[in-house]
Amino acid sequence: MHLLEPVLLLQFLVSGLLAGALYALLACGLNLVFGVMRVINLAHAELMLAGAFLTYVLYAWAGIHPLLAFFLVLPALFGAGFYLQRLVVERVVGKGELQSLLLTYGLSIILINTGLLIFASDFKAIPELQGALIVGDIAISKPRTAAALLAIALTLGVYHFLKHARLGKAIRAVAEHPDVAMLCGIDVVRMRMFTFGLAAAMAGAAGVMLTMIYSFSPETGADFILKCFAIIIIGGMGNFIGALYGGLLLGVAEIFVAGFVSSQWAEAVAYVLLILILLIRPTGLKGAADVT
Amino acid sequence: MTAAALLEVRDVHRDFGGVHALSGVTLQVARGRITGMIGPNGSGKTTLFQVVSGIDRGATGQVFLDGEPILGLRPSQIYQRGLARTFQLSRVFPQLTVLENLMVAGHRHDRAVRERAIGLLEKVGLREYSAVAGSDLSYGQQRLVEFLRVLMSDPALILLDEPAAGVNPTLRNTLWDMVRHLNGQGTTFFVIEHDMGVIADLCDDVYVLSEGQVIAHGDFETVRGNDTVLAAYFGKTAAHRGTEND
Amino acid sequence: MSLKSIAPGIVLALLAVAAPAMASDYQLLFLLQLLMMIALAQSWNLISGMTGYVSLGHTAFFGVGAYAGALLLQWGFPWWLAIFKGAGIALLVAAPLGVLTLRLRGPYFAIAMLGLNEIGRLVATLWVDLTQGGDGIPLSPARLPTLLQNYYTMLTLAVLATSLIAWVRYNRLGLELRAIREDEEAAEMVGVNTTRNKVIAFALSAVIPGAAGAVYAFYTSYIDPVSVFAPALNIQMIVMVLLGGSGTVWGPVIGAVLVRTLHELTWAQFPALHLALLGVLIVAIVLFLPKGILSLAPWRRRVRPDRAPGSP
């Protein structure tokens with residue numbers, strides 16, 4: 001088949017968007033935490049894997065379908081994030097990047113290796129929801145479509161929440177001026193707990209979707225976190241909705257490179273983009289941090 | 001080129017995403033004098049210092065130090081040419097000792113620089129604090145150390161951005177006495193200050209900035225009588241200061 | 001620097017020189033790895049501990065050095081020359097990268113370095129003609145230096161790295177680097193050429209990992225992309241420096257000894273547990289001991305002034 005055929009290009013575009021939606025969901029959570037408390041959570045992808053393994057356990061032991069597991073994993077991860085913030089992360093907020101980078105680096109190592117202790121390093125997968133829809137000449141993978149739709153819905157939902165809900169507005173106030181927010185009677189610490197919980201829940205949701213489309217091991221997070229960095233730098237650090245665009249863009253770019261060059265080089269797209277953007281615009285494409 | 005002006009700012013503009021922080025500022029700081037700059041909050045005073053000292057390099061226009069163009073140079077290059085400054089909020093290096101804080105500003109790293117630093121500390125009674133970390137000083141002491149740091153290189157021109165804000169009266173007097181003393185020895189000063197008493201007492205020449213423009217210039221009496229200034233500055237801030245300062 | 005302050009270093013170095021006379025091969029290998037980690041930790045200390053620019057991808061230079069050393073050895077260069085060239089190539093790679101990446105501040109720099117290490121790993125994986133890709137490069141034993149030669153080379157690197165830190169620490173460069181760490185803008189405003197200093201520190205911090213990477217290739221006699229562009233190695237450097245005390249001369253040495261000993265005691269039995277423990281250690285240090293073990297030493301306690309002179 002000729003590579004420049006419109007059908008093939010369209011197929012690439014659709015597959016890219018579907019893959020990118022998962023990145024976007026994950027990166028938006030990362031960016032939310034950064035935007036609100038200036039903490040780069042290096043353990044964010046491990047929270048996703050926590051969600052994935054929880055889904056796996058529910059499926060393997062209780063036969064619960066991943067789409068149902070969703071409703072258990074989300075609150076579980078929210079709670080975990082909420083208390084992780086309270087007990088650990090809160091202590092480094094405002095202490096400078098080094099402290100928070102190292103702290104979350106430590107958390108990520110703990111999570112990965114606890115995962116290895118429990119699940120070993122073999123890859124797991126959940127063989128539910130398989131196959132593809134054929135629309136015209138384009139094949140659309142069913143699990144990926146389900147995952148992508150959920151991811152986009154969640155991301156937009158959280159965006160809407162931040163923009164319009166009372167609690168969301170309070171979170172944005174904390175992001176922009178923690179001191180002023182405190183003076184206005186907002187419980188800043190609690191808002192940050194809520195934020196981290198929300199981000200962890202988004203990561204957990206990404207984990208549920210991960211089980212439907214990829215095989216995964218406790219060490220899978222490394223690739224994702226690096227891609228997330230590329231994404232939030234493309235979209236602007238702290239810019240919530242920027243990460244959505246960044247994620248979709250990366251997904252599409254990877255598929256095109258995989259199609260036109262090789263699937264191995266597709267892995268490099270994120271890093272090359274990351275470095276290029278940082279070199280051209282040292283503060284990311286969309287510049288200044290902004291939760292909205 | 002006016003030989004008398006040590007610092008000359010010509011038609012300097014600085015925009016922040018459509019907001020005109022500086023729109024066509026032109027002024028001169030006379031050699032050997034103390035020039036004051038006043039104006040309401042947000043009038044562009046600190047922005048002008050950021051531009052002149054090379055930290056903000058996004059401005060257009062021209063800035064001359066001793067006749068040489070300096071706009072676009074790095075802060076360290078401008079410093080080497082004899083312009084030093086303090087910041088609006090104290091910027092001592094918190095984990096360096098007081099002595100190290102001064103020594104880092106010396107052009108070299110030898111016994112002479114060390115002795116000069118110790119001599120300066122002695123002058124203001126901070127000698128015994130040489131080995132104390134910057135962050136362990138009181139705020140007033142930090143400001144004083146920052147001021148001493150600026151003196152390490154014998155600069156020809158010193159920009160002071162509200163140097164006495166947050167400093168107790170005793171240290172404040174020490175500070176202004178040193179400014180007077182140094183000025184007597186030939187150092188030129190350009191000072192942002194809110195305390196009109198200090199401005200009246202210290203400055204030979206005063207510029208008034210409002211909304212990014214120079215709206216008045218002259219000695220303190222002239223400026224004080226100026227209607228535009230009264231409207232833009234004293235009128236607005238008199239009420240403001242009343243509520244804020246007690 | 002007084003004789004007193006370098007005396008412990010001289011004693012340690014002499015002990016390390018004498019060690020092969022009494023150690024078994026296994027013990028010697030342990031010491032060799034310890035020395036490698038000291039050299040790496042000190043290099044990280046130079047850029048990240050002194051300057052505050054956190055490199056999450058310093059293994060990029062280790063990897064470059066390892067590949068350069070291995071390939072040069074295969075192409076017929078003597079091992080010692082291969083090490084020199086490995087270090088030189090790491091420096092050549094680092095200098096321009098430093099100019100580019102050090103414009104980035106805070107998290108941007110950290111993330112860029114993480115990305116650079118990944119790019120290094122991908123290049124080593126994908127440039128199969130040169131590197132044999134993911135299969136890695138086995139080195140033929142005939143050309144390799146002996147364990148003793150490797151040991152003394154690594155000892156030299158560890159001593160060099162520590163001396164470099166000591167020299168920088170008590171020199172003007174160190175003062176300026178620490179000022180950059182504290183407040184880069186204010187440092188620039190008192191005449192510190194921040195860009196030049198950062199690039200110097202960065203380039204110096206890349207040379208020794210480059211050389212150490214080559215020695216690593218020789219004593220393991222096999223390298224592949226995953227083992228040399230290894231994030232786990234970067235984790236160890238960071239933990240060692242933080243545990244001991246970042247920006248200090250002896251902190252990273254103490255940290256390296258502690259971590260390697262812990263490693264030795266737990267690694268063989270519980271590899272995952274060992275790394276999880278390292279993670280716990282990082283978290284604990286950040287939360288409870290942000291200035292490292294050296295800050296606990298009684299002679300380092302500073303007396304806080306209780307009264308300000310000149311205050312009423």
# chains A, B, ... in the order shown; residues from 1 in each chain; ligands from 1
call {"tool": "interface_residues", "arguments": {"of": "chain C", "to": "chain A", "cutoff": "8 Å", "atoms": "only C-alpha atoms", "output": "PyMOL selection string"}}
result
chain C and resi 52+54+100-101+103-104+106-108+111-112+114-116+118-119+122+126+272-273+275-283+286-287
call {"tool": "select_by_dssp", "arguments": {"residues": "region 160-305 of chain C", "states": "alpha helix (DSSP H)", "output": "ChimeraX atom specification"}}
result
/C:160-169,172-182,184-189,194-220,225-228,231-244,251-266,271-288
call {"tool": "select_by_dssp", "arguments": {"residues": "region 108-198 of chain A", "states": "strand (DSSP E)", "output": "number ranges by chain"}}
result
A: 132-135, 138-141
call {"tool": "interface_residues", "arguments": {"of": "chain B", "to": "chain C", "cutoff": "6 Å", "atoms": "only C-alpha atoms", "output": "list in words"}}
result
Pro75, Ser76, Tyr79, Phe93, Ala105 and His109 of chain B
call {"tool": "write_last_selection", "arguments": {"atoms": "all heavy atoms", "output": "PDB file, in the first residue's frame"}}
result
ATOM      1  N   PRO B  75      23.560  41.324  33.193  1.00  0.00           N
ATOM      2  CA  PRO B  75      23.757  42.036  34.458  1.00  0.00           C
ATOM      3  C   PRO B  75      25.211  41.995  34.927  1.00  0.00           C
ATOM      4  O   PRO B  75      25.737  42.996  35.433  1.00  0.00           O
ATOM      5  CB  PRO B  75      22.864  41.269  35.435  1.00  0.00           C
ATOM      6  CG  PRO B  75      21.813  40.651  34.602  1.00  0.00           C
ATOM      7  CD  PRO B  75      22.444  40.364  33.269  1.00  0.00           C
ATOM      8  N   SER B  76      25.872  40.817  34.739  1.00  0.00           N
ATOM      9  CA  SER B  76      27.253  40.731  35.224  1.00  0.00           C
ATOM     10  C   SER B  76      28.165  41.682  34.449  1.00  0.00           C
ATOM     11  O   SER B  76      29.103  42.247  35.006  1.00  0.00           O
ATOM     12  CB  SER B  76      27.769  39.297  35.141  1.00  0.00           C
ATOM     13  OG  SER B  76      27.641  38.780  33.850  1.00  0.00           O
ATOM     14  N   TYR B  79      27.510  45.147  35.716  1.00  0.00           N
ATOM     15  CA  TYR B  79      28.147  45.258  37.033  1.00  0.00           C
ATOM     16  C   TYR B  79      29.648  45.533  36.887  1.00  0.00           C
ATOM     17  O   TYR B  79      30.200  46.384  37.574  1.00  0.00           O
ATOM     18  CB  TYR B  79      27.916  43.968  37.800  1.00  0.00           C
ATOM     19  CG  TYR B  79      28.515  43.925  39.183  1.00  0.00           C
ATOM     20  CD1 TYR B  79      27.863  44.514  40.259  1.00  0.00           C
ATOM     21  CD2 TYR B  79      29.727  43.276  39.414  1.00  0.00           C
ATOM     22  CE1 TYR B  79      28.406  44.459  41.529  1.00  0.00           C
ATOM     23  CE2 TYR B  79      30.281  43.214  40.687  1.00  0.00           C
ATOM     24  CZ  TYR B  79      29.612  43.814  41.740  1.00  0.00           C
ATOM     25  OH  TYR B  79      30.148  43.749  42.996  1.00  0.00           O
ATOM     26  N   PHE B  93      22.245  35.781  49.865  1.00  0.00           N
ATOM     27  CA  PHE B  93      22.310  34.350  49.581  1.00  0.00           C
ATOM     28  C   PHE B  93      22.121  33.616  50.905  1.00  0.00           C
ATOM     29  O   PHE B  93      23.013  33.653  51.757  1.00  0.00           O
ATOM     30  CB  PHE B  93      23.645  33.998  48.935  1.00  0.00           C
ATOM     31  CG  PHE B  93      23.899  34.749  47.660  1.00  0.00           C
ATOM     32  CD1 PHE B  93      24.886  35.711  47.583  1.00  0.00           C
ATOM     33  CD2 PHE B  93      23.128  34.501  46.535  1.00  0.00           C
ATOM     34  CE1 PHE B  93      25.114  36.414  46.402  1.00  0.00           C
ATOM     35  CE2 PHE B  93      23.348  35.190  45.357  1.00  0.00           C
ATOM     36  CZ  PHE B  93      24.337  36.154  45.290  1.00  0.00           C
ATOM     37  N   ALA B 105      30.827  39.191  45.669  1.00  0.00           N
ATOM     38  CA  ALA B 105      30.668  40.393  44.863  1.00  0.00           C
ATOM     39  C   ALA B 105      31.998  41.075  44.558  1.00  0.00           C
ATOM     40  O   ALA B 105      32.050  42.040  43.803  1.00  0.00           O
ATOM     41  CB  ALA B 105      29.737  41.378  45.567  1.00  0.00           C
ATOM     42  N   HIS B 109      39.432  37.001  44.240  1.00  0.00           N
ATOM     43  CA  HIS B 109      39.241  36.123  45.383  1.00  0.00           C
ATOM     44  C   HIS B 109      40.568  36.062  46.118  1.00  0.00           C
ATOM     45  O   HIS B 109      41.337  35.118  45.989  1.00  0.00           O
ATOM     46  CB  HIS B 109      38.852  34.728  44.893  1.00  0.00           C
ATOM     47  CG  HIS B 109      38.190  33.900  45.949  1.00  0.00           C
ATOM     48  ND1 HIS B 109      37.026  34.281  46.548  1.00  0.00           N
ATOM     49  CD2 HIS B 109      38.517  32.704  46.506  1.00  0.00           C
ATOM     50  CE1 HIS B 109      36.665  33.350  47.422  1.00  0.00           C
ATOM     51  NE2 HIS B 109      37.563  32.400  47.420  1.00  0.00           N
TER      52      HIS B 109
END
call {"tool": "residues_around", "arguments": {"residues": "Asn183 (chain B)", "least_positions_apart": "2", "cutoff": "12 Å", "atoms": "only C-alpha atoms", "output": "JSON, numbers by chain"}}
result
{"B": [30, 31, 32, 33, 34, 35, 154, 155, 156, 157, 158, 176, 177, 178, 179, 180, 181, 185, 186, 187, 188, 189, 190, 202, 203, 204]}
call {"tool": "closest_residue", "arguments": {"among": "B:Gly17, B:Gly218, B:Val223, B:Gly119", "to": "chain A", "atoms": "only C-alpha atoms"}}
result
B:Gly17
call {"tool": "residues_around", "arguments": {"residues": "Tyr59 (chain A)", "least_positions_apart": "6", "cutoff": "8 Å", "atoms": "only C-alpha atoms", "output": "list in words"}}
result
His65, Pro66, Ala69 and Ile126 of chain A
call {"tool": "residues_around", "arguments": {"residues": "Leu262 (chain C)", "least_positions_apart": "4", "cutoff": "12 Å", "atoms": "only C-alpha atoms", "output": "PyMOL selection string"}}
result
chain C and resi 34+236+240+255-258+266-271+273-275+277-278+281
call {"tool": "decode", "arguments": {"residues": "region 120-133 of chain B", "atoms": "all heavy atoms", "output": "PDB file, in the first residue's frame"}}
result
ATOM      1  N   LEU B 120      34.252  46.372  55.840  1.00  0.00           N
ATOM      2  CA  LEU B 120      32.891  46.897  55.669  1.00  0.00           C
ATOM      3  C   LEU B 120      31.980  46.406  56.788  1.00  0.00           C
ATOM      4  O   LEU B 120      31.185  47.166  57.341  1.00  0.00           O
ATOM      5  CB  LEU B 120      32.325  46.454  54.314  1.00  0.00           C
ATOM      6  CG  LEU B 120      32.821  47.213  53.085  1.00  0.00           C
ATOM      7  CD1 LEU B 120      32.359  46.518  51.811  1.00  0.00           C
ATOM      8  CD2 LEU B 120      32.320  48.652  53.101  1.00  0.00           C
ATOM      9  N   LEU B 121      32.102  45.133  57.134  1.00  0.00           N
ATOM     10  CA  LEU B 121      31.264  44.574  58.195  1.00  0.00           C
ATOM     11  C   LEU B 121      31.557  45.269  59.523  1.00  0.00           C
ATOM     12  O   LEU B 121      30.653  45.548  60.308  1.00  0.00           O
ATOM     13  CB  LEU B 121      31.497  43.062  58.319  1.00  0.00           C
ATOM     14  CG  LEU B 121      30.951  42.215  57.169  1.00  0.00           C
ATOM     15  CD1 LEU B 121      31.427  40.781  57.277  1.00  0.00           C
ATOM     16  CD2 LEU B 121      29.424  42.266  57.156  1.00  0.00           C
ATOM     17  N   GLU B 122      32.826  45.548  59.741  1.00  0.00           N
ATOM     18  CA  GLU B 122      33.226  46.210  60.972  1.00  0.00           C
ATOM     19  C   GLU B 122      32.556  47.575  61.073  1.00  0.00           C
ATOM     20  O   GLU B 122      32.061  47.975  62.124  1.00  0.00           O
ATOM     21  CB  GLU B 122      34.746  46.381  60.974  1.00  0.00           C
ATOM     22  CG  GLU B 122      35.332  46.476  62.364  1.00  0.00           C
ATOM     23  CD  GLU B 122      36.651  45.723  62.422  1.00  0.00           C
ATOM     24  OE1 GLU B 122      37.537  46.102  61.629  1.00  0.00           O
ATOM     25  OE2 GLU B 122      36.781  44.775  63.218  1.00  0.00           O
ATOM     26  N   LYS B 123      32.530  48.282  59.948  1.00  0.00           N
ATOM     27  CA  LYS B 123      32.002  49.638  59.916  1.00  0.00           C
ATOM     28  C   LYS B 123      30.559  49.710  60.419  1.00  0.00           C
ATOM     29  O   LYS B 123      30.145  50.670  61.030  1.00  0.00           O
ATOM     30  CB  LYS B 123      32.071  50.150  58.468  1.00  0.00           C
ATOM     31  CG  LYS B 123      32.568  51.579  58.360  1.00  0.00           C
ATOM     32  CD  LYS B 123      32.595  52.030  56.913  1.00  0.00           C
ATOM     33  CE  LYS B 123      34.007  52.061  56.364  1.00  0.00           C
ATOM     34  NZ  LYS B 123      34.044  52.414  54.937  1.00  0.00           N
ATOM     35  N   VAL B 124      29.775  48.660  60.133  1.00  0.00           N
ATOM     36  CA  VAL B 124      28.372  48.697  60.545  1.00  0.00           C
ATOM     37  C   VAL B 124      28.114  47.779  61.731  1.00  0.00           C
ATOM     38  O   VAL B 124      26.965  47.488  62.063  1.00  0.00           O
ATOM     39  CB  VAL B 124      27.433  48.303  59.377  1.00  0.00           C
ATOM     40  CG1 VAL B 124      27.566  49.291  58.241  1.00  0.00           C
ATOM     41  CG2 VAL B 124      27.721  46.894  58.900  1.00  0.00           C
ATOM     42  N   GLY B 125      29.172  47.275  62.335  1.00  0.00           N
ATOM     43  CA  GLY B 125      29.001  46.464  63.532  1.00  0.00           C
ATOM     44  C   GLY B 125      28.505  45.054  63.266  1.00  0.00           C
ATOM     45  O   GLY B 125      27.848  44.458  64.107  1.00  0.00           O
ATOM     46  N   LEU B 126      28.796  44.515  62.084  1.00  0.00           N
ATOM     47  CA  LEU B 126      28.343  43.154  61.776  1.00  0.00           C
ATOM     48  C   LEU B 126      29.506  42.162  61.729  1.00  0.00           C
ATOM     49  O   LEU B 126      29.334  41.013  61.333  1.00  0.00           O
ATOM     50  CB  LEU B 126      27.598  43.131  60.428  1.00  0.00           C
ATOM     51  CG  LEU B 126      26.148  43.621  60.423  1.00  0.00           C
ATOM     52  CD1 LEU B 126      25.592  43.635  59.008  1.00  0.00           C
ATOM     53  CD2 LEU B 126      25.266  42.746  61.311  1.00  0.00           C
ATOM     54  N   ARG B 127      30.684  42.636  62.120  1.00  0.00           N
ATOM     55  CA  ARG B 127      31.875  41.805  62.000  1.00  0.00           C
ATOM     56  C   ARG B 127      31.698  40.431  62.657  1.00  0.00           C
ATOM     57  O   ARG B 127      32.062  39.403  62.106  1.00  0.00           O
ATOM     58  CB  ARG B 127      33.054  42.559  62.632  1.00  0.00           C
ATOM     59  CG  ARG B 127      34.248  41.695  62.985  1.00  0.00           C
ATOM     60  CD  ARG B 127      35.330  41.838  61.962  1.00  0.00           C
ATOM     61  NE  ARG B 127      36.252  40.738  62.032  1.00  0.00           N
ATOM     62  CZ  ARG B 127      37.560  40.869  62.242  1.00  0.00           C
ATOM     63  NH1 ARG B 127      38.062  42.073  62.409  1.00  0.00           N
ATOM     64  NH2 ARG B 127      38.337  39.824  62.266  1.00  0.00           N
ATOM     65  N   GLU B 128      31.108  40.440  63.862  1.00  0.00           N
ATOM     66  CA  GLU B 128      30.972  39.176  64.592  1.00  0.00           C
ATOM     67  C   GLU B 128      30.015  38.202  63.897  1.00  0.00           C
ATOM     68  O   GLU B 128      29.917  37.050  64.280  1.00  0.00           O
ATOM     69  CB  GLU B 128      30.510  39.452  66.015  1.00  0.00           C
ATOM     70  CG  GLU B 128      29.152  40.125  66.069  1.00  0.00           C
ATOM     71  CD  GLU B 128      28.891  40.846  67.407  1.00  0.00           C
ATOM     72  OE1 GLU B 128      28.532  40.161  68.345  1.00  0.00           O
ATOM     73  OE2 GLU B 128      29.044  42.085  67.464  1.00  0.00           O
ATOM     74  N   TYR B 129      29.319  38.688  62.891  1.00  0.00           N
ATOM     75  CA  TYR B 129      28.374  37.825  62.170  1.00  0.00           C
ATOM     76  C   TYR B 129      28.981  37.220  60.905  1.00  0.00           C
ATOM     77  O   TYR B 129      28.293  36.594  60.126  1.00  0.00           O
ATOM     78  CB  TYR B 129      27.109  38.614  61.803  1.00  0.00           C
ATOM     79  CG  TYR B 129      26.242  38.893  63.012  1.00  0.00           C
ATOM     80  CD1 TYR B 129      26.604  39.872  63.922  1.00  0.00           C
ATOM     81  CD2 TYR B 129      25.087  38.156  63.244  1.00  0.00           C
ATOM     82  CE1 TYR B 129      25.834  40.124  65.038  1.00  0.00           C
ATOM     83  CE2 TYR B 129      24.308  38.394  64.356  1.00  0.00           C
ATOM     84  CZ  TYR B 129      24.686  39.376  65.255  1.00  0.00           C
ATOM     85  OH  TYR B 129      23.915  39.594  66.354  1.00  0.00           O
ATOM     86  N   SER B 130      30.278  37.435  60.699  1.00  0.00           N
ATOM     87  CA  SER B 130      30.934  36.989  59.458  1.00  0.00           C
ATOM     88  C   SER B 130      30.584  35.556  59.080  1.00  0.00           C
ATOM     89  O   SER B 130      30.338  35.255  57.925  1.00  0.00           O
ATOM     90  CB  SER B 130      32.454  37.085  59.609  1.00  0.00           C
ATOM     91  OG  SER B 130      32.812  38.402  59.869  1.00  0.00           O
ATOM     92  N   ALA B 131      30.581  34.665  60.072  1.00  0.00           N
ATOM     93  CA  ALA B 131      30.428  33.242  59.774  1.00  0.00           C
ATOM     94  C   ALA B 131      28.978  32.771  59.876  1.00  0.00           C
ATOM     95  O   ALA B 131      28.700  31.589  59.756  1.00  0.00           O
ATOM     96  CB  ALA B 131      31.308  32.423  60.711  1.00  0.00           C
ATOM     97  N   VAL B 132      28.051  33.727  60.077  1.00  0.00           N
ATOM     98  CA  VAL B 132      26.648  33.353  60.215  1.00  0.00           C
ATOM     99  C   VAL B 132      26.010  33.256  58.827  1.00  0.00           C
ATOM    100  O   VAL B 132      26.337  34.025  57.935  1.00  0.00           O
ATOM    101  CB  VAL B 132      25.922  34.409  61.074  1.00  0.00           C
ATOM    102  CG1 VAL B 132      24.424  34.232  61.022  1.00  0.00           C
ATOM    103  CG2 VAL B 132      26.432  34.344  62.506  1.00  0.00           C
ATOM    104  N   ALA B 133      25.119  32.293  58.639  1.00  0.00           N
ATOM    105  CA  ALA B 133      24.439  32.154  57.348  1.00  0.00           C
ATOM    106  C   ALA B 133      23.520  33.352  57.116  1.00  0.00           C
ATOM    107  O   ALA B 133      22.915  33.881  58.054  1.00  0.00           O
ATOM    108  CB  ALA B 133      23.634  30.864  57.319  1.00  0.00           C
TER     109      ALA B 133
END
